[in-house]
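Trainee: Contents of final-v5.csv (CSV, C-alpha atoms and all ligand atoms):
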chain,number,residue,atom,x,y,z
G,23,MET,CA,68.3,63.0,-20.0
G,24,ASP,CA,69.0,66.5,-18.8
G,25,ASN,CA,72.7,67.4,-19.4
G,26,ILE,CA,73.6,70.4,-17.4
G,27,ILE,CA,77.2,70.4,-18.8
G,28,GLU,CA,78.6,68.8,-21.9
G,29,CYS,CA,82.2,68.5,-23.1
G,30,LYS,CA,82.5,67.9,-26.8
G,31,ASN,CA,85.9,66.7,-28.1
G,32,VAL,CA,87.8,69.0,-25.8
G,33,THR,CA,91.6,69.1,-26.0
G,34,TYR,CA,93.5,71.7,-24.1
G,35,SER,CA,97.2,72.6,-23.7
G,36,TYR,CA,98.6,75.1,-21.2
G,37,PRO,CA,100.8,77.7,-22.8
G,38,LEU,CA,104.2,76.3,-23.8
G,39,ALA,CA,103.2,72.8,-22.7
G,40,GLU,CA,104.5,70.0,-24.9
G,41,THR,CA,101.5,67.7,-24.3
G,42,PRO,CA,97.9,68.6,-23.8
G,43,ALA,CA,96.6,68.5,-20.2
G,44,ILE,CA,93.2,67.3,-21.4
G,45,GLN,CA,92.8,65.2,-24.6
G,46,GLU,CA,89.7,64.4,-26.7
G,47,LEU,CA,87.4,64.7,-23.8
G,48,ASN,CA,83.7,63.8,-24.3
G,49,VAL,CA,81.5,63.8,-21.2
G,50,ASN,CA,78.0,64.7,-20.2
G,51,ILE,CA,77.2,65.8,-16.7
G,52,GLU,CA,73.6,65.2,-15.8
G,53,ARG,CA,71.6,67.6,-13.6
G,54,GLY,CA,71.3,66.6,-10.0
G,55,LYS,CA,73.9,63.9,-10.1
G,56,PHE,CA,77.0,63.6,-8.0
G,57,TYR,CA,80.3,62.9,-9.9
G,58,GLY,CA,83.4,61.7,-8.2
G,59,VAL,CA,86.6,62.5,-10.2
G,60,ILE,CA,89.6,60.3,-9.5
G,61,GLY,CA,93.1,59.7,-11.1
G,62,GLU,CA,96.7,60.0,-10.2
G,63,ASN,CA,98.5,63.3,-9.7
G,64,GLY,CA,98.9,65.2,-12.9
G,65,SER,CA,96.2,63.2,-14.7
G,66,GLY,CA,94.2,66.4,-15.5
G,67,LYS,CA,91.5,66.5,-12.8
G,68,THR,CA,92.0,70.1,-11.8
G,69,THR,CA,92.3,71.2,-15.4
G,70,PHE,CA,89.0,69.4,-16.1
G,71,CYS,CA,87.4,71.4,-13.3
G,72,ALA,CA,88.8,74.6,-14.6
G,73,LEU,CA,87.4,73.9,-18.1
G,74,LEU,CA,83.9,73.2,-16.8
G,75,ARG,CA,84.0,76.5,-14.8
G,76,GLY,CA,85.2,78.5,-17.8
G,77,PHE,CA,88.5,79.4,-16.1
G,78,ILE,CA,90.0,78.0,-19.3
G,79,PRO,CA,90.4,79.8,-21.6
G,80,ASP,CA,89.4,82.9,-19.6
G,81,PHE,CA,92.0,82.9,-17.0
G,82,TYR,CA,94.5,80.2,-18.1
G,83,LYS,CA,95.4,80.9,-21.7
G,84,GLY,CA,96.8,78.2,-24.0
G,85,GLU,CA,95.1,76.3,-26.8
G,86,LEU,CA,91.6,75.0,-26.4
G,87,ASN,CA,89.8,72.9,-29.0
G,88,GLY,CA,86.3,71.6,-28.8
G,89,GLU,CA,83.4,73.0,-26.7
G,90,VAL,CA,82.3,73.1,-23.1
G,91,LEU,CA,78.6,73.8,-22.9
G,92,VAL,CA,76.8,74.8,-19.7
G,93,GLU,CA,73.0,74.5,-20.1
G,94,GLY,CA,73.6,74.4,-23.8
G,95,LYS,CA,75.6,77.6,-24.0
G,96,LYS,CA,79.4,77.7,-24.6
G,97,THR,CA,81.4,78.8,-21.5
G,98,THR,CA,83.2,81.3,-23.8
G,99,ASP,CA,79.8,82.9,-24.5
G,100,TYR,CA,79.0,83.6,-20.9
G,101,GLY,CA,80.1,86.7,-19.0
G,102,GLY,CA,80.0,86.9,-15.3
G,103,GLU,CA,76.8,84.9,-15.0
G,104,LEU,CA,78.7,81.6,-15.0
G,105,SER,CA,79.9,82.5,-11.5
G,106,ALA,CA,76.3,82.5,-10.3
G,107,LYS,CA,75.6,79.2,-11.9
G,108,ILE,CA,78.7,77.3,-10.9
G,109,GLY,CA,80.3,77.4,-7.5
G,110,TYR,CA,84.0,76.5,-7.4
G,111,VAL,CA,85.8,75.4,-4.3
G,112,PHE,CA,89.6,75.5,-4.8
G,113,GLN,CA,91.8,72.8,-3.4
G,114,ASN,CA,93.6,75.3,-1.2
G,115,PRO,CA,91.2,77.4,0.8
G,116,PHE,CA,93.7,80.2,1.0
G,117,THR,CA,92.9,80.8,-2.7
G,118,GLN,CA,89.3,81.2,-1.9
G,119,ILE,CA,89.5,83.8,0.9
G,120,SER,CA,89.2,87.2,-0.6
G,121,GLY,CA,91.7,88.9,1.7
G,122,VAL,CA,89.6,92.1,1.8
G,123,LYS,CA,87.3,91.2,4.6
G,124,GLU,CA,88.2,91.1,8.3
G,125,THR,CA,85.7,88.7,9.7
G,126,VAL,CA,84.3,85.3,8.6
G,127,PHE,CA,80.8,86.8,8.5
G,128,GLU,CA,81.8,89.5,6.1
G,129,GLU,CA,83.8,87.0,4.1
G,130,VAL,CA,80.8,84.8,3.6
G,131,ALA,CA,78.6,87.8,2.8
G,132,TYR,CA,81.1,89.2,0.2
G,133,GLY,CA,79.9,87.4,-2.9
G,134,LEU,CA,76.3,88.3,-2.2
G,135,GLU,CA,77.3,92.0,-1.8
G,136,ASN,CA,79.0,91.8,-5.2
G,137,PHE,CA,75.8,90.4,-6.7
G,138,GLY,CA,73.8,93.4,-5.2
G,139,VAL,CA,71.6,91.3,-3.0
G,140,PRO,CA,69.6,93.4,-0.5
G,141,VAL,CA,71.1,93.7,3.0
G,142,GLU,CA,68.4,91.8,4.9
G,143,GLU,CA,68.5,88.9,2.5
G,144,ILE,CA,72.3,88.8,2.8
G,145,GLU,CA,72.0,88.6,6.6
G,146,ARG,CA,69.4,85.8,6.4
G,147,ARG,CA,71.3,83.7,3.9
G,148,VAL,CA,74.7,84.1,5.6
G,149,VAL,CA,73.3,83.1,9.0
G,150,GLU,CA,71.6,80.1,7.4
G,151,VAL,CA,74.8,78.9,5.6
G,152,MET,CA,77.0,79.5,8.6
G,153,GLN,CA,74.7,77.2,10.6
G,154,MET,CA,74.8,74.6,7.8
G,155,THR,CA,78.6,74.7,7.7
G,156,ASP,CA,79.0,74.9,11.4
G,157,ILE,CA,81.0,78.1,11.5
G,158,GLU,CA,78.7,80.3,13.5
G,159,ALA,CA,81.2,80.4,16.4
G,160,LEU,CA,83.9,81.8,14.0
G,161,ALA,CA,81.7,84.7,12.8
G,162,GLU,CA,83.9,87.4,14.3
G,163,LYS,CA,87.3,85.8,13.6
G,164,ASN,CA,89.7,86.9,10.9
G,165,PRO,CA,89.5,84.3,8.0
G,166,PHE,CA,93.2,83.9,8.1
G,167,ASP,CA,93.3,83.1,11.8
G,168,LEU,CA,91.6,79.7,11.2
G,169,SER,CA,92.7,76.1,11.1
G,170,GLY,CA,92.8,74.4,7.7
G,171,GLY,CA,89.5,72.6,8.4
G,172,GLN,CA,87.8,75.8,9.5
G,173,MET,CA,89.1,77.7,6.5
G,174,GLN,CA,87.9,75.0,4.2
G,175,ARG,CA,84.4,75.3,5.8
G,176,VAL,CA,84.4,79.1,5.4
G,177,ALA,CA,85.5,78.6,1.7
G,178,LEU,CA,82.6,76.2,1.2
G,179,ALA,CA,80.2,78.5,3.0
G,180,SER,CA,81.2,81.5,0.8
G,181,VAL,CA,80.3,79.4,-2.3
G,182,ILE,CA,77.2,77.7,-1.0
G,183,VAL,CA,75.7,81.1,0.1
G,184,LEU,CA,75.5,82.0,-3.6
G,185,GLU,CA,73.1,79.0,-4.2
G,186,PRO,CA,74.7,77.8,-7.4
G,187,ASP,CA,73.0,74.9,-9.2
G,188,ILE,CA,76.4,73.3,-9.9
G,189,LEU,CA,79.3,72.8,-7.4
G,190,ILE,CA,82.8,71.9,-8.4
G,191,ILE,CA,84.8,71.0,-5.4
G,192,ASP,CA,88.5,70.2,-6.0
G,193,GLU,CA,90.0,67.9,-3.3
G,194,PRO,CA,88.6,69.7,-0.3
G,195,THR,CA,90.2,67.4,2.2
G,196,SER,CA,93.7,67.1,0.9
G,197,GLN,CA,95.1,69.2,3.7
G,198,LEU,CA,92.7,68.1,6.5
G,199,ASP,CA,92.9,65.7,9.4
G,200,PRO,CA,90.2,63.0,9.8
G,201,GLU,CA,88.1,65.3,11.9
G,202,GLY,CA,88.3,68.2,9.4
G,203,THR,CA,87.5,65.7,6.6
G,204,GLU,CA,84.4,64.5,8.4
G,205,SER,CA,83.1,68.0,8.9
G,206,VAL,CA,83.6,68.9,5.3
G,207,PHE,CA,81.9,65.7,4.1
G,208,ALA,CA,78.9,66.5,6.4
G,209,ILE,CA,78.5,69.7,4.3
G,210,ILE,CA,78.9,67.8,1.0
G,211,LYS,CA,76.3,65.3,2.2
G,212,ALA,CA,73.8,68.2,2.9
G,213,LEU,CA,74.5,69.5,-0.6
G,214,LYS,CA,73.8,66.1,-2.1
G,215,GLU,CA,70.5,66.0,-0.3
G,216,LYS,CA,69.6,69.3,-1.9
G,217,ARG,CA,70.0,67.6,-5.3
G,218,LYS,CA,72.8,70.0,-6.4
G,219,THR,CA,74.9,68.9,-9.4
G,220,ILE,CA,78.2,68.1,-7.8
G,221,ILE,CA,81.6,67.4,-9.3
G,222,LEU,CA,84.1,66.4,-6.6
G,223,VAL,CA,87.8,65.6,-7.0
G,224,GLU,CA,88.8,63.4,-4.1
G,225,HIS,CA,91.6,60.9,-3.5
G,226,LYS,CA,89.9,59.1,-0.7
G,227,ILE,CA,88.1,56.4,-2.6
G,228,ASP,CA,85.9,55.4,0.4
G,229,LEU,CA,84.4,58.9,0.3
G,230,ILE,CA,83.7,58.7,-3.4
G,231,ALA,CA,82.2,55.2,-2.8
G,232,GLU,CA,79.9,56.6,-0.2
G,233,TYR,CA,78.7,59.8,-1.9
G,234,ALA,CA,79.1,59.7,-5.6
G,235,ASP,CA,76.5,58.4,-8.2
G,236,GLU,CA,79.0,58.4,-11.1
G,237,VAL,CA,82.8,58.1,-11.2
G,238,LEU,CA,85.1,59.6,-13.8
G,239,VAL,CA,88.6,58.2,-14.0
G,240,PHE,CA,91.4,60.3,-15.5
G,241,LYS,CA,94.8,59.2,-16.7
G,242,GLU,CA,97.5,61.2,-18.5
G,243,GLY,CA,94.9,63.8,-19.6
G,244,ARG,CA,92.4,61.3,-20.9
G,245,MET,CA,89.2,60.2,-19.3
G,246,ILE,CA,89.8,56.4,-19.4
G,247,ALA,CA,86.5,55.4,-17.8
G,248,ALA,CA,83.1,56.9,-16.7
G,249,GLY,CA,80.0,55.3,-15.3
G,250,ASP,CA,78.1,54.1,-12.3
G,251,LYS,CA,80.2,54.1,-9.2
G,252,GLN,CA,79.6,50.4,-8.4
G,253,GLU,CA,80.8,49.5,-11.8
G,254,ILE,CA,83.9,51.6,-11.8
G,255,LEU,CA,84.9,51.0,-8.2
G,256,SER,CA,84.5,47.3,-8.4
G,257,ASP,CA,86.9,47.2,-11.4
G,258,LEU,CA,90.2,46.8,-9.7
G,259,SER,CA,92.3,47.0,-12.8
G,260,LEU,CA,90.7,50.3,-13.6
G,261,LEU,CA,91.4,51.7,-10.1
G,262,GLU,CA,95.0,50.4,-10.2
G,263,GLN,CA,95.5,52.2,-13.5
G,264,GLY,CA,93.6,55.4,-12.8
G,265,ALA,CA,93.8,56.1,-9.2
G,266,ALA,CA,97.3,54.9,-8.3
G,267,LEU,CA,95.8,53.5,-5.2
G,268,PRO,CA,97.8,52.8,-2.1
G,269,GLN,CA,98.4,49.1,-1.5
G,270,VAL,CA,96.1,49.1,1.5
G,271,ALA,CA,93.2,50.2,-0.7
G,272,ILE,CA,94.0,47.5,-3.2
G,273,LEU,CA,93.9,45.0,-0.4
G,274,GLY,CA,90.6,46.5,0.7
G,275,SER,CA,89.2,46.2,-2.8
G,276,ARG,CA,90.2,42.5,-2.9
G,277,LEU,CA,88.5,42.0,0.5
G,278,LYS,CA,85.5,43.7,-1.0
G,279,GLU,CA,85.4,41.1,-3.8
G,280,LYS,CA,85.0,38.6,-1.0
G,281,GLY,CA,81.9,40.4,0.3
G,282,LEU,CA,83.0,43.5,2.2
G,283,PRO,CA,80.6,46.3,1.4
G,284,ILE,CA,82.1,48.9,-1.0
G,285,SER,CA,81.7,51.8,1.4
G,286,ARG,CA,84.1,50.1,3.7
G,287,ILE,CA,87.0,49.9,1.4
G,288,PRO,CA,89.8,50.9,3.7
G,289,VAL,CA,92.0,53.7,2.6
G,290,THR,CA,94.4,53.9,5.5
G,291,GLU,CA,96.5,51.2,7.0
G,292,LYS,CA,94.6,51.4,10.3
G,293,GLN,CA,91.3,50.8,8.5
G,294,ALA,CA,92.7,48.0,6.5
G,295,ILE,CA,93.8,46.2,9.6
G,296,GLU,CA,90.4,46.7,11.2
G,301,LIG,P1,95.6,66.7,-11.4
G,301,LIG,O1,94.6,67.7,-10.8
G,301,LIG,O2,95.0,65.4,-11.8
G,301,LIG,O3,96.8,66.6,-10.4
G,301,LIG,P2,96.3,68.8,-13.2
G,301,LIG,O4,95.1,69.2,-14.0
G,301,LIG,O5,96.7,69.8,-12.1
G,301,LIG,O6,96.2,67.3,-12.7
G,301,LIG,O7,97.5,68.8,-14.2
G,301,LIG,C1,97.5,68.2,-15.5
G,301,LIG,C2,98.7,68.5,-16.3
G,301,LIG,O8,98.8,69.9,-16.6
G,301,LIG,C3,100.0,68.2,-15.5
G,301,LIG,O9,101.0,67.7,-16.4
G,301,LIG,C4,100.4,69.5,-15.0
G,301,LIG,O10,101.8,69.6,-14.8
G,301,LIG,C5,99.9,70.5,-16.0
G,301,LIG,N1,99.5,71.8,-15.5
G,301,LIG,C6,98.6,72.0,-14.5
G,301,LIG,N2,98.5,73.3,-14.2
G,301,LIG,C7,99.3,74.0,-15.1
G,301,LIG,C8,99.6,75.4,-15.3
G,301,LIG,N3,99.0,76.3,-14.7
G,301,LIG,N4,100.5,75.6,-16.3
G,301,LIG,C9,101.1,74.6,-17.0
G,301,LIG,N5,100.9,73.3,-16.8
G,301,LIG,C10,100.0,73.0,-15.9
Now, as a test, write the supplied structure out as structure tokens.
Ligand code: ADP
Mentor:
Amino acid sequence: MDNIIECKNVTYSYPLAETPAIQELNVNIERGKFYGVIGENGSGKTTFCALLRGFIPDFYKGELNGEVLVEGKKTTDYGGELSAKIGYVFQNPFTQISGVKETVFEEVAYGLENFGVPVEEIERRVVEVMQMTDIEALAEKNPFDLSGGQMQRVALASVIVLEPDILIIDEPTSQLDPEGTESVFAIIKALKEKRKTIILVEHKIDLIAEYADEVLVFKEGRMIAAGDKQEILSDLSLLEQGAALPQVAILGSRLKEKGLPISRIPVTEKQAIE
């Protein structure tokens, strides 16, 4: 087994917090696998992502016990190289946009410039990634003049262009309409086909069911279950506990027990009726 990330007995509290945001976490992330992370609001999903990326304790202070290892080395022992290994897509694409570039093209190129990549290579990689993320038509636009869906695609492009082995994507569709969601998932599907290691936080269980290999369930700072997606997603009691599913999804899961394929678990009322 090739573990690209390992968490060993990790407990973390934000400064002044009364209870830890993550408690006694042990998990191995295998290279090339796609992990779906679910759990109700405040259960620790974003904190988990920030730990893997080394934002904790680098950016967020507080108290960290235990170790997070990326390719066998503690995140605290890395310098800037961790940003080349792990791409991180924030929940809110506004956070991702640098604010110092005036066009989408320059925005996507920005990270490569910082890494000192030669100009011709920057141009080639940016064009390729803009095609993949379907933002070519936006090349000359200001990144802040975009719709939520377009901005999220630009945010993804600016991370993908760096070609990290690991991608951590925190609820990329929380602010998107169904069309925006679909276009973002087309990109995620392409990344999966490239056998990247992907850690995706997503509320929409049908998307997790379709794309993930493994599912991690968080509740009140603890990882209460982890395993093969079929196993986890067919355990309704686990989903009810961990994911605070809407009633329609629970109905969908019950229908699934009667033979509906798992990828068709409805997550909206409309889908449930269909
Ligand atoms: P989720 O992503 O599952 O919604 P979070 O990881 O954002 O959960 O939050 C886990 C817990 O940590 C919550 O109790 C939340 O209030 C707290 N928390 C999150 N971010 C911060 C922060 N920057 N400072 C203090 N507490 C935080």
Trainee: Can you tell me, as a VMD selection string, what residues are no more than 10 Å from segment 245-255 of chain G when counting all atoms listed in the file, ignoring any on the same chain fewer than 4 positions away?
Mentor: chain G and resid 44 to 50 57 to 61 65 to 67 70 227 to 228 230 to 241 259 to 261 263 to 264 275 284 287
Trainee: Report as a PyMOL selection string which protein, DNA and RNA residues come within 6 Å of ligand LIG 301 (chain G), using all atoms listed in the file.
Mentor: chain G and resi 36+43+62-69
Trainee: For the selection you just gave me, I'd like the residues written to a file as a PDB file, in the coordinates of the input, keeping C-alpha atoms.
Mentor:
ATOM      1  CA  TYR G  36      98.600  75.100 -21.200  1.00  0.00           C
ATOM      2  CA  ALA G  43      96.600  68.500 -20.200  1.00  0.00           C
ATOM      3  CA  GLU G  62      96.700  60.000 -10.200  1.00  0.00           C
ATOM      4  CA  ASN G  63      98.500  63.300  -9.700  1.00  0.00           C
ATOM      5  CA  GLY G  64      98.900  65.200 -12.900  1.00  0.00           C
ATOM      6  CA  SER G  65      96.200  63.200 -14.700  1.00  0.00           C
ATOM      7  CA  GLY G  66      94.200  66.400 -15.500  1.00  0.00           C
ATOM      8  CA  LYS G  67      91.500  66.500 -12.800  1.00  0.00           C
ATOM      9  CA  THR G  68      92.000  70.100 -11.800  1.00  0.00           C
ATOM     10  CA  THR G  69      92.300  71.200 -15.400  1.00  0.00           C
TER      11      THR G  69
END
Trainee: Might you pull out every residue within 6 Å of segment 205-222 of chain G, with only C-alpha atoms counted and same-chain residues fewer than 5 positions away left off, and present them as a list in words?
Mentor: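 Surrounding residues, per the criterion: Arg53, Gly54, Lys55, Phe56, Tyr57, Gly58, Val59, Asp187, Ile188, Leu189, Ile190, Ile191 and Asp192 of chain G.
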Trainee: The selected residues should be written to file as a short mmCIF file (atom, residue, chain, number, x, y, z; two decimals), in the frame of the given file (atoms: C-alpha atoms).
Mentor:
data_model
loop_
_atom_site.label_atom_id
_atom_site.label_comp_id
_atom_site.auth_asym_id
_atom_site.auth_seq_id
_atom_site.Cartn_x
_atom_site.Cartn_y
_atom_site.Cartn_z
CA ARG G 53 71.60 67.60 -13.60
CA GLY G 54 71.30 66.60 -10.00
CA LYS G 55 73.90 63.90 -10.10
CA PHE G 56 77.00 63.60 -8.00
CA TYR G 57 80.30 62.90 -9.90
CA GLY G 58 83.40 61.70 -8.20
CA VAL G 59 86.60 62.50 -10.20
CA ASP G 187 73.00 74.90 -9.20
CA ILE G 188 76.40 73.30 -9.90
CA LEU G 189 79.30 72.80 -7.40
CA ILE G 190 82.80 71.90 -8.40
CA ILE G 191 84.80 71.00 -5.40
CA ASP G 192 88.50 70.20 -6.00
#
Trainee: What is the distance between atom CA of Met23 of chain G and atom CA of Pro194 of chain G, in Å to one decimal?
Mentor: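 Atom CA of Met23 of chain G sits 29.1 Å away from atom CA of Pro194 of chain G.
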Trainee: Which residue gives the smallest distance to Glu103 of chain G among G:Val176, G:Asn87, G:Leu184, G:Ser169, with all atoms listed in the file counted?
Mentor: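 Checking each candidate against Glu103 of chain G, we get G:Leu184 as the closest.
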Trainee: Give me, please, the distance in Å between atom CA of Gly202 of chain G and atom CA of Phe127 of chain G, quoted to one decimal.
Mentor: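 Value for the atom CA of Gly202 of chain G-atom CA of Phe127 of chain G distance: 20.1 Å.
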Trainee: For a test of reading the model, state the distance in Å between atom CA of Glu40 of chain G and atom CA of Val90 of chain G, rounded to one decimal.
Mentor: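 Atom-to-atom, atom CA of Glu40 of chain G and atom CA of Val90 of chain G are spaced 22.5 Å apart.
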Trainee: I want to know what sits within 9 Å of Pro165 of chain G, based on all atoms listed in the file, with residues of the same chain fewer than 6 positions away left out; could you give that as a list in words?
Mentor: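 Counting all atoms listed in the file, the residues come to Ile119, Gly121, Lys123, Glu124, Thr125, Val126, Glu129, Gln172, Met173 and Val176 of chain G.
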Trainee: Output C-alpha atoms for every residue in the selection just made, as a short mmCIF file (atom, residue, chain, number, x, y, z; two decimals), in the frame of the given file.
Mentor:
data_model
loop_
_atom_site.label_atom_id
_atom_site.label_comp_id
_atom_site.auth_asym_id
_atom_site.auth_seq_id
_atom_site.Cartn_x
_atom_site.Cartn_y
_atom_site.Cartn_z
CA ILE G 119 89.50 83.80 0.90
CA GLY G 121 91.70 88.90 1.70
CA LYS G 123 87.30 91.20 4.60
CA GLU G 124 88.20 91.10 8.30
CA THR G 125 85.70 88.70 9.70
CA VAL G 126 84.30 85.30 8.60
CA GLU G 129 83.80 87.00 4.10
CA GLN G 172 87.80 75.80 9.50
CA MET G 173 89.10 77.70 6.50
CA VAL G 176 84.40 79.10 5.40
#
Trainee: With all atoms listed in the file as the basis for distance, which of G:Leu178, G:Val183, G:Ile108, G:Leu160 is at the shortest distance from Glu145 of chain G?
Mentor: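 When distances to Glu145 of chain G are compared using all atoms listed in the file, the smallest one comes from G:Val183.
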Trainee: Rank nothing, just name the residue among G:Glu135, G:Ser180, G:Leu198, G:Glu143 nearest to Ile157 of chain G, using all atoms listed in the file.
Mentor: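 Closest to Ile157 of chain G of all the choices is G:Ser180.
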Trainee: Go through G:Val139, G:His225, G:Gln174, G:Ala72 one by one, measure the shortest atom-to-atom distance of each to Asp156 of chain G using all atoms listed in the file, and give the residue with the smallest value.
Mentor: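 Looking only at the distances to Asp156 of chain G, the closest residue turns out to be G:Gln174.
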